[in-house]
>>> print(open('my_file34.txt').read())   # compact mmCIF, C-alpha atoms
# COMPACT_ATOMS: atom_id res chain seq x y z
CA MET A 191 136.88 135.91 79.72
CA ASN A 192 139.12 133.07 80.88
CA CYS A 193 139.65 131.43 84.31
CA ASN A 194 142.47 133.83 85.16
CA GLU A 195 140.48 136.94 84.36
CA ILE A 196 137.47 136.07 86.47
CA PHE A 197 139.45 134.70 89.42
CA GLU A 198 140.06 137.95 91.32
CA SER A 199 136.42 139.02 90.97
CA LEU A 200 134.84 135.91 92.45
CA SER A 201 134.27 137.34 95.94
CA ASP A 202 132.67 140.48 94.47
CA PHE A 203 130.56 138.17 92.31
CA ILE A 204 129.39 136.20 95.35
CA ASP A 205 128.68 139.41 97.29
CA ALA A 206 126.69 140.79 94.30
CA GLU A 207 128.97 143.82 94.12
CA LEU A 208 129.68 143.66 90.38
CA SER A 209 128.02 145.53 87.55
CA ASP A 210 125.38 143.63 85.55
CA ASP A 211 127.76 143.40 82.59
CA ALA A 212 130.61 141.97 84.66
CA CYS A 213 128.19 139.50 86.25
CA ARG A 214 126.98 138.30 82.86
CA GLU A 215 130.56 137.81 81.67
CA ILE A 216 131.35 135.65 84.68
CA GLU A 217 128.13 133.65 84.36
CA LYS A 218 128.95 133.01 80.71
CA HIS A 219 132.37 131.65 81.68
CA LEU A 220 130.90 129.54 84.49
CA ASP A 221 128.42 127.92 82.09
CA GLY A 222 131.28 126.39 80.16
CA CYS A 223 133.87 125.79 82.91
CA ARG A 224 133.14 123.08 85.43
CA ASN A 225 136.15 123.76 87.66
CA CYS A 226 135.44 127.49 88.01
CA ARG A 227 131.81 126.64 88.78
CA ILE A 228 132.96 124.36 91.61
CA VAL A 229 135.34 127.02 92.93
CA VAL A 230 132.50 129.56 93.02
CA ASN A 231 130.05 127.15 94.65
CA THR A 232 132.49 125.92 97.30
CA LEU A 233 133.69 129.50 97.94
CA ARG A 234 130.08 130.59 98.46
CA LYS A 235 129.49 127.58 100.73
CA THR A 236 132.60 128.47 102.75
CA VAL A 237 131.20 131.95 103.42
CA THR A 238 127.79 130.48 104.31
CA LEU A 239 129.40 128.06 106.76
CA TYR A 240 131.30 130.83 108.55
CA HIS A 241 128.13 132.94 108.67
CA SER A 242 126.42 129.95 110.29
CA LEU A 243 129.03 129.40 113.03
CA PRO A 244 127.20 129.40 116.34
CA SER A 245 128.22 132.47 118.35
CA GLU A 246 129.20 132.05 121.97
CA GLU A 247 128.02 133.97 124.99
CA VAL A 248 130.43 135.41 127.51
CA PRO A 249 130.55 132.88 130.38
CA GLY A 250 128.55 134.06 133.43
CA GLU A 251 131.48 134.46 135.80
CA THR A 252 133.54 136.36 133.23
CA ARG A 253 130.58 138.65 132.57
CA MET A 254 130.19 139.43 136.28
CA ARG A 255 133.90 140.11 136.68
CA LEU A 256 133.91 142.33 133.58
CA HIS A 257 131.05 144.49 134.84
CA ARG A 258 132.73 144.79 138.28
CA VAL A 259 136.10 145.79 136.79
CA ILE A 260 134.56 148.35 134.44
CA HIS A 261 132.51 149.96 137.21
CA LEU A 262 135.66 150.25 139.35
CA GLU A 263 137.55 151.81 136.44
CA TYR A 264 134.71 154.30 135.95
CA ASP A 265 134.90 155.31 139.64
CA LYS A 266 138.67 155.69 139.38
CA LYS A 267 138.27 158.16 136.50
CA ARG A 268 135.82 160.39 138.33
CA MET B 121 109.47 158.95 126.51
CA SER B 122 111.17 157.34 129.51
CA ASP B 123 110.78 153.75 128.25
CA ARG B 124 112.31 154.53 124.86
CA VAL B 125 115.57 152.62 124.32
CA PRO B 126 118.45 155.13 124.19
CA SER B 127 120.82 155.04 121.22
CA ASP B 128 124.49 154.14 121.79
CA ARG B 129 125.42 157.78 121.48
CA GLN B 130 122.80 158.86 124.04
CA LEU B 131 124.04 156.17 126.42
CA VAL B 132 127.62 157.39 126.06
CA GLU B 133 126.61 161.01 126.67
CA ARG B 134 124.65 160.11 129.79
CA ILE B 135 127.43 157.89 131.16
CA ASN B 136 129.92 160.71 130.56
CA ALA B 137 127.55 163.03 132.43
CA GLY B 138 127.69 160.74 135.46
CA GLU B 139 124.89 158.17 135.05
CA LYS B 140 126.95 155.22 136.19
CA GLU B 141 123.95 152.88 136.30
CA LEU B 142 123.87 152.88 132.47
CA LEU B 143 127.35 151.33 132.19
CA GLY B 144 125.93 147.83 132.48
CA GLU B 145 123.56 148.49 129.58
CA LEU B 146 126.38 149.72 127.34
CA ILE B 147 128.59 146.72 128.13
CA SER B 148 125.72 144.25 127.68
CA ARG B 149 125.00 145.54 124.18
CA TYR B 150 128.47 144.59 122.93
CA GLU B 151 130.14 142.09 125.27
CA ASP B 152 129.12 138.98 123.30
CA ARG B 153 130.18 140.50 119.98
CA VAL B 154 133.57 141.58 121.31
CA TYR B 155 134.04 138.16 122.92
CA ASN B 156 133.26 136.33 119.67
CA LEU B 157 135.53 138.60 117.64
CA ALA B 158 138.37 137.89 120.09
CA LEU B 159 137.59 134.18 120.17
CA ARG B 160 137.82 133.89 116.37
CA MET B 161 140.96 136.02 116.24
CA LEU B 162 142.83 134.27 119.05
CA GLY B 163 141.38 130.79 119.05
CA ASN B 164 140.92 130.23 122.79
CA ARG B 165 138.60 131.37 125.55
CA GLU B 166 141.23 132.51 128.02
CA ASP B 167 142.77 134.99 125.58
CA ALA B 168 139.32 136.06 124.39
CA GLU B 169 138.30 136.88 127.98
CA ASP B 170 141.45 138.99 128.45
CA VAL B 171 140.83 140.85 125.19
CA LEU B 172 137.22 141.43 126.22
CA GLN B 173 138.33 143.04 129.47
CA ASP B 174 141.14 145.06 127.84
CA THR B 175 138.67 146.33 125.24
CA PHE B 176 136.13 147.64 127.74
CA LEU B 177 138.85 149.09 130.00
CA ASN B 178 140.17 151.04 127.00
CA VAL B 179 136.63 152.05 126.05
CA ILE B 180 135.90 153.41 129.53
CA ARG B 181 139.25 155.22 129.73
CA ALA B 182 138.61 156.96 126.40
CA LEU B 183 134.82 157.33 126.61
CA ASP B 184 134.86 161.08 127.28
CA ARG B 185 136.95 161.51 124.15
CA PHE B 186 134.46 159.67 121.92
CA GLN B 187 133.49 162.36 119.45
CA GLY B 188 130.66 160.64 117.67
CA ARG B 189 132.32 161.17 114.29
CA SER B 190 131.94 157.47 113.58
CA ARG B 191 129.37 155.06 114.97
CA PHE B 192 130.02 153.91 118.52
CA SER B 193 130.12 150.27 117.35
CA THR B 194 132.82 151.10 114.76
CA TRP B 195 134.86 152.89 117.41
CA LEU B 196 134.47 149.95 119.79
CA TYR B 197 135.36 147.35 117.13
CA ARG B 198 138.49 149.34 116.37
CA ILE B 199 139.53 149.20 120.03
CA ALA B 200 138.66 145.47 120.18
CA ALA B 201 140.54 144.59 116.97
CA ASN B 202 143.60 146.50 118.21
CA ALA B 203 143.44 144.71 121.57
CA ALA B 204 143.28 141.33 119.79
CA LEU B 205 146.13 142.18 117.42
CA SER B 206 148.28 143.51 120.24
CA ARG B 207 147.71 140.30 122.20
CA LEU B 208 148.77 138.20 119.19
CA ARG B 209 151.82 140.39 118.85
CA LYS B 210 152.71 139.96 122.53
CA GLN B 211 152.46 136.21 122.18
CA ASN B 212 154.61 136.37 119.09
CA ARG B 213 151.99 134.56 117.09
CA LEU B 214 152.31 136.82 114.07
CA ASN B 215 155.06 135.01 112.27
CA ARG B 216 152.91 133.25 109.68
CA ASN B 217 154.77 133.67 106.41
CA GLU B 218 152.67 135.66 103.94
CA ASP B 219 154.35 134.17 100.84
CA GLU B 220 153.55 130.68 102.01
CA PHE B 221 149.97 131.75 102.69
CA LEU B 222 149.61 133.26 99.22
CA ASP B 223 151.02 130.11 97.60
CA GLU B 224 148.23 128.15 99.25
CA VAL B 225 145.66 130.79 98.27
CA TYR B 226 146.51 130.51 94.61
CA ALA B 227 146.98 126.75 94.47
CA VAL B 228 143.32 126.38 93.47
CA LYS B 229 143.76 128.82 90.61
CA GLU B 230 146.48 126.61 89.15
CA ALA B 231 144.39 123.50 89.72
CA ALA B 232 141.34 125.04 88.02
CA ARG B 233 143.39 126.14 85.04
CA SER B 234 145.24 122.86 84.65
CA GLY B 235 141.94 121.05 84.27
CA GLU B 236 142.65 118.89 87.34
CA LEU B 237 139.28 117.84 88.76
CA ILE B 238 138.29 119.95 91.80
CA ALA B 239 136.23 118.30 94.54
CA ASP B 240 132.69 119.61 94.88
CA TRP B 241 131.21 119.49 98.37
CA SER B 242 128.94 122.49 97.87
CA ASN B 243 125.72 120.52 97.62
CA SER B 244 125.81 119.12 101.14
CA PRO B 245 123.43 120.95 103.48
CA VAL B 246 124.96 123.35 106.03
CA ASP B 247 123.55 121.38 108.98
CA GLU B 248 125.23 118.24 107.72
CA LEU B 249 128.58 119.93 107.13
CA LEU B 250 128.65 121.86 110.40
CA SER B 251 129.70 119.05 112.75
CA GLU B 252 131.66 119.72 115.92
CA GLU B 253 134.79 118.43 114.20
CA ALA B 254 134.18 120.65 111.16
CA ILE B 255 133.75 123.72 113.40
CA GLU B 256 137.11 122.89 114.98
CA VAL B 257 138.67 122.61 111.49
CA MET B 258 137.10 125.95 110.52
CA ASN B 259 138.44 127.70 113.61
CA ARG B 260 141.95 126.26 113.19
CA ALA B 261 141.89 127.31 109.52
CA VAL B 262 141.22 130.94 110.53
CA GLU B 263 144.17 130.77 112.90
CA GLY B 264 146.37 129.57 110.03
CA MET B 265 146.12 132.93 108.27
CA PRO B 266 148.41 135.94 108.76
CA GLU B 267 146.74 138.29 111.24
CA ILE B 268 145.64 141.03 108.88
CA TYR B 269 143.75 138.54 106.70
CA ARG B 270 142.30 137.02 109.85
CA ALA B 271 141.09 140.41 111.11
CA VAL B 272 139.48 141.35 107.79
CA PHE B 273 137.81 137.96 107.45
CA VAL B 274 136.45 137.83 111.01
CA LEU B 275 135.00 141.35 110.79
CA ARG B 276 133.45 140.84 107.34
CA ASP B 277 132.36 137.20 107.27
CA VAL B 278 131.88 136.28 110.92
CA GLU B 279 130.79 139.58 112.50
CA GLU B 280 129.23 140.62 109.17
CA LEU B 281 130.39 144.23 109.15
CA SER B 282 130.20 146.07 105.82
CA THR B 283 133.28 146.64 103.65
CA ALA B 284 133.24 150.35 104.54
CA GLU B 285 132.97 149.70 108.27
CA THR B 286 135.73 147.06 108.20
CA ALA B 287 137.95 149.52 106.34
CA GLU B 288 137.31 152.14 109.03
CA VAL B 289 137.93 149.72 111.91
CA LEU B 290 141.25 148.49 110.49
CA ASP B 291 142.42 151.73 108.89
CA LEU B 292 142.53 150.19 105.42
CA THR B 293 141.13 151.27 102.07
CA GLU B 294 137.98 149.48 100.91
CA ALA B 295 139.99 148.02 98.00
CA ALA B 296 142.47 146.52 100.49
CA VAL B 297 139.62 145.04 102.54
CA LYS B 298 138.13 143.44 99.43
CA SER B 299 141.38 141.98 98.18
CA ARG B 300 142.33 140.59 101.62
CA LEU B 301 138.85 139.19 102.14
CA HIS B 302 139.02 137.41 98.79
CA ARG B 303 142.39 135.83 99.58
CA ALA B 304 141.21 134.81 103.04
CA ARG B 305 138.11 133.16 101.59
CA LEU B 306 140.14 131.30 98.97
CA TYR B 307 142.56 130.05 101.62
CA LEU B 308 139.73 128.89 103.88
CA ARG B 309 137.93 127.26 100.95
CA ASN B 310 141.08 125.25 100.25
CA GLN B 311 141.42 124.20 103.88
CA LEU B 312 137.75 123.15 104.11
CA SER B 313 138.01 121.37 100.76
CA GLY B 314 140.84 119.27 102.12
CA TYR B 315 138.69 118.31 105.08
CA PHE B 316 135.28 117.81 103.45
CA ASP B 317 136.70 115.99 100.45
CA SER B 318 138.47 113.33 102.53
CA TYR B 319 135.44 113.15 104.82
CA GLN B 320 133.11 112.49 101.90
CA THR B 321 135.47 109.99 100.32
CA GLU B 322 135.67 108.07 103.60
CA GLY B 323 131.90 108.32 103.95
CA ALA B 324 131.37 106.90 100.47
CA ALA B 325 133.87 104.08 101.06
CA SER B 326 132.28 102.85 104.29
>>> encode(input="my_file34.txt", output="structure tokens")
Amino acid sequence: MNCNEIFESLSDFIDAELSDDACREIEKHLDGCRNCRIVVNTLRKTVTLYHSLPSEEVPGETRMRLHRVIHLEYDKKR
Amino acid sequence: MSDRVPSDRQLVERINAGEKELLGELISRYEDRVYNLALRMLGNREDAEDVLQDTFLNVIRALDRFQGRSRFSTWLYRIAANAALSRLRKQNRLNRNEDEFLDEVYAVKEAARSGELIADWSNSPVDELLSEEAIEVMNRAVEGMPEIYRAVFVLRDVEELSTAETAEVLDLTEAAVKSRLHRARLYLRNQLSGYFDSYQTEGAAS
């Protein structure tokens, strides 16, 4: 397999969603192709970084307003 | 029995039957997740707060029509994603050219094939890479994508929904989710490469 052929499968490769055979083919290519190896490693790192983004909490005042508005809407429906 | 935590579906049934005091519990389970989804999709707190409120208003208005055919969380994410997309549409922030985006996505493919040396920043630890400035770059990069790529990416790689769930939320096939996710990741990789590469070069020079 060449660079072009493996390119579209790289996300599936990272997510471990490929068959064993397809995985082996890609690994074989990566062994001999420095650039593709870097693309895979930096792609994987990109996903890891977004997974690691700190999540934010709803600010206290917004939370209080939200609960108030939703309770009012519930009453309106009844 | 009474101290057992009710499932989402049980909560919904009881709220529909008139137990208003459980509303707070239902909102609390999902408010942070909806807020973060909106924040990543829209890029600012004010819009995210509006989307959060719109989402729960729509949820409450339709709650007695929730059939339980899909999971409550999937149903809620669908309402939230639609609220975020409709807000982007209202603000006319959807005009990112898809061809231009795809050119950037596939620039790395050309570079890899041409033998041009690609920068490798993958060995730096996450803690080191995740500076405040880098987080800002990451968020702006997400905003640089056409909205459908943004929605797929945020659901899959930030909220960590499965491919099947993301497909259900956005009314796409699983194949479409996978292909859009891949393009989104490649685009973001390129954007981060631009940032981390110059950052490391500067670091090495000083």
>>> closest_atom_pairs(input="my_file34.txt", of="chain B", to="chain A", cutoff="8 Å", atoms="only C-alpha atoms", output="Markdown table")
| residue | atom | partner | partner_atom | distance |
| --- | --- | --- | --- | --- |
| B:Lys140 | CA | A:His261 | CA | 7.7 |
| B:Leu143 | CA | A:His261 | CA | 7.3 |
| B:Gly144 | CA | A:His257 | CA | 6.6 |
| B:Ile147 | CA | A:His257 | CA | 7.5 |
| B:Glu151 | CA | A:Val248 | CA | 7.1 |
| B:Asp152 | CA | A:Glu247 | CA | 5.4 |
| B:Tyr155 | CA | A:Val248 | CA | 6.5 |
| B:Asn156 | CA | A:Glu246 | CA | 6.3 |
| B:Glu169 | CA | A:Thr252 | CA | 7.1 |
| B:Gln173 | CA | A:Leu256 | CA | 6.1 |
| B:Phe176 | CA | A:Ile260 | CA | 6.9 |
| B:Leu177 | CA | A:Ile260 | CA | 6.2 |
| B:Ile180 | CA | A:Tyr264 | CA | 6.6 |
| B:Arg181 | CA | A:Lys267 | CA | 7.4 |
| B:Lys229 | CA | A:Phe197 | CA | 7.4 |
| B:Ala232 | CA | A:Asn225 | CA | 5.4 |
| B:Arg233 | CA | A:Cys193 | CA | 6.5 |
| B:Gly235 | CA | A:Asn225 | CA | 7.2 |
| B:Leu237 | CA | A:Asn225 | CA | 6.8 |
| B:Ile238 | CA | A:Asn225 | CA | 6.0 |
| B:Ala239 | CA | A:Ile228 | CA | 7.5 |
| B:Asp240 | CA | A:Ile228 | CA | 5.8 |
| B:Trp241 | CA | A:Thr232 | CA | 6.6 |
| B:Ser242 | CA | A:Thr232 | CA | 5.0 |
| B:Val246 | CA | A:Leu239 | CA | 6.5 |
| B:Leu250 | CA | A:Leu239 | CA | 7.2 |
| B:Ile255 | CA | A:Leu243 | CA | 7.4 |
| B:Met258 | CA | A:Tyr240 | CA | 7.8 |
| B:Asp277 | CA | A:His241 | CA | 6.2 |
| B:Val278 | CA | A:His241 | CA | 5.5 |
| B:Glu280 | CA | A:His241 | CA | 7.8 |
| B:Lys298 | CA | A:Asp202 | CA | 7.9 |
| B:Leu301 | CA | A:Ser201 | CA | 7.9 |
| B:His302 | CA | A:Ser201 | CA | 5.5 |
| B:Arg305 | CA | A:Leu233 | CA | 6.8 |
| B:Leu306 | CA | A:Leu233 | CA | 6.8 |
| B:Leu308 | CA | A:Thr236 | CA | 7.2 |
| B:Arg309 | CA | A:Leu233 | CA | 5.7 |
| B:Leu312 | CA | A:Thr236 | CA | 7.5 |
| B:Ser313 | CA | A:Thr232 | CA | 7.9 |
>>> atom_distance(input="my_file34.txt", atom1="CA of Asp210 (chain A)", atom2="CA of Leu281 (chain B)")
24.1 Å
>>> atom_distance(input="my_file34.txt", atom1="CA of Ile268 (chain B)", atom2="CA of Leu290 (chain B)")
8.8 Å
>>> atom_distance(input="my_file34.txt", atom1="CA of Gly314 (chain B)", atom2="CA of Asp247 (chain B)")
18.7 Å
>>> residues_around(input="my_file34.txt", residues="Leu157 (chain B)", least_positions_apart="6", cutoff="12 Å", atoms="all atoms listed in the file", output="PyMOL selection string")
(chain A and resi 245-248) or (chain B and resi 150-151+163-165+167-169+171-172+175+196-205+259+262+270-281)
>>> residues_around(input="my_file34.txt", residues="region 221-227 of chain B", least_positions_apart="3", cutoff="7 Å", atoms="only C-alpha atoms", output="list in words")
Asn217, Glu218, Glu230, Ala231, Met265, Arg303, Leu306 and Tyr307 of chain B
>>> closest_residue(input="my_file34.txt", among="B:Leu292, B:Arg300, B:Lys210, B:Ser282", to="Asp205 (chain A)", atoms="all atoms listed in the file")
B:Ser282
